[in-house]
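Structure first, then comments.
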Amino acid sequence: MTQSSFLEEESSCCDARCFDDIYAEFNDPNGRTLIVAHRGDWRRYPENSVAAVQSCIEMGIDMVEIDVRQTMDGHLVLMHDKTVDRMTNGSGKVAELTLAEIQTFYLRDGKGGGESGLTSMRVATLEEVMILAKGSIMINLDKCWDVREAVYEVLVKTDTLAHGLFKSSAHYEEVAAFLQSKTNPPEYMHVVEEENFHELPMVLSQAQPKAIELVFPALGSPMLTEESFEPMRGKQRIWCNSIQASLCGGHPDEEPGWEWMTGYGFNMIQTDCPERLKSFLELQHSMRIVKQTI
């Protein structure tokens, strides 16, 4: 299927209620665990592609994490790396290529690399993806804090401010200044690592993020103590990045890791296995209902 047909195909999840339900859950810190697909459904389609996002919509995933970079002529495209080399049959830095040049390249399948086959799909623009996401799914905006004003303008243009979730580990004063400069501020998540953990109280009071991403290489991290974790519980969404064990205390991106995460209190999980995580969470929910009826 071509990229244009993905954009034209009507998804079974494109009902406005679909997004409304996801957004209501996102705004409920005590709501169900939300599934975030890392770079979309890259196991079936090229990462960060229109098709990878569309597949997540069809699976009923809550949010897709994408990577956004700016071209030499100021356009915003989806690409994780600074260069197009890994994911396309072209070469060069995104920042040194025009959009027209980038869109002459074809995407490689999956996570790319020289061994991956070429597809008929082109590099996606942020505008394309936000139009696709509208009414269907939330989008986590990574790699683009430095071009946040341009990203914000795309969200305004596509009427998808509520769909996009900015993220950064920037100083809380910088974050607060950006958010407070907007009549209609975007959604925001702050990334907290051990290096900036001491800023967390000021982040919560000044930037007031709706979500916090905790990055902890080991279970002995100070951010996992009750004293640290408790102020966020029930007040912010708490995100765990399960795609690498080094980001989540050594836990794997599979059922045993997800069980620990949900049991500890994380209620947003970024994964490379969105379909499996969805099945796991649905089974957890069914088991809770059974226990309540016994």
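Order determines the names: the first chain of the structure tokens is A, the second B, and so forth; residues in each chain are numbered 1 upward, and ligands are numbered 1 upward as they are shown.
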
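The residues of stretch 33-163 of chain A that DSSP assigns to strand (DSSP E or B) on this backbone come out as A:Leu34, A:Ile35, A:Val36, A:Ala37, A:His38, A:Met63, A:Val64, A:Glu65, A:Ile66, A:Asp67, A:Val68, A:Arg69, A:Gln70, A:Leu76, A:Val77, A:Leu78, A:Thr83, A:Thr88, A:Lys93, A:Leu107, A:Arg108, A:Leu118, A:Thr125, A:Met138, A:Ile139, A:Asn140, A:Leu141, A:Asp142.
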
For this session: Name all residues at most 12 Å from A:Pro185 (count only C-alpha atoms; drop same-chain ones fewer than 2 positions away) and give them as a PyMOL selection string.
Result: chain A and resi 148-149+152-153+155-156+160-162+164-166+175-183+187-188+207-210

Exercise. By how many Å are atom CA of A:Gly250 and atom CA of A:Glu213 apart?
Worked result: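 Computing the Euclidean distance for atom CA of A:Gly250 and atom CA of A:Glu213 yields 16.0 Å.
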
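Reported to one decimal place, the separation of atom CA of A:Met138 from atom CA of A:Thr71 is 23.7 Å.
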
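Minimum atom-to-atom distance to A:Val68, evaluated using only C-alpha atoms, belongs to A:Asn140 out of A:Ser221, A:Thr119, A:Asn140, A:Thr98.
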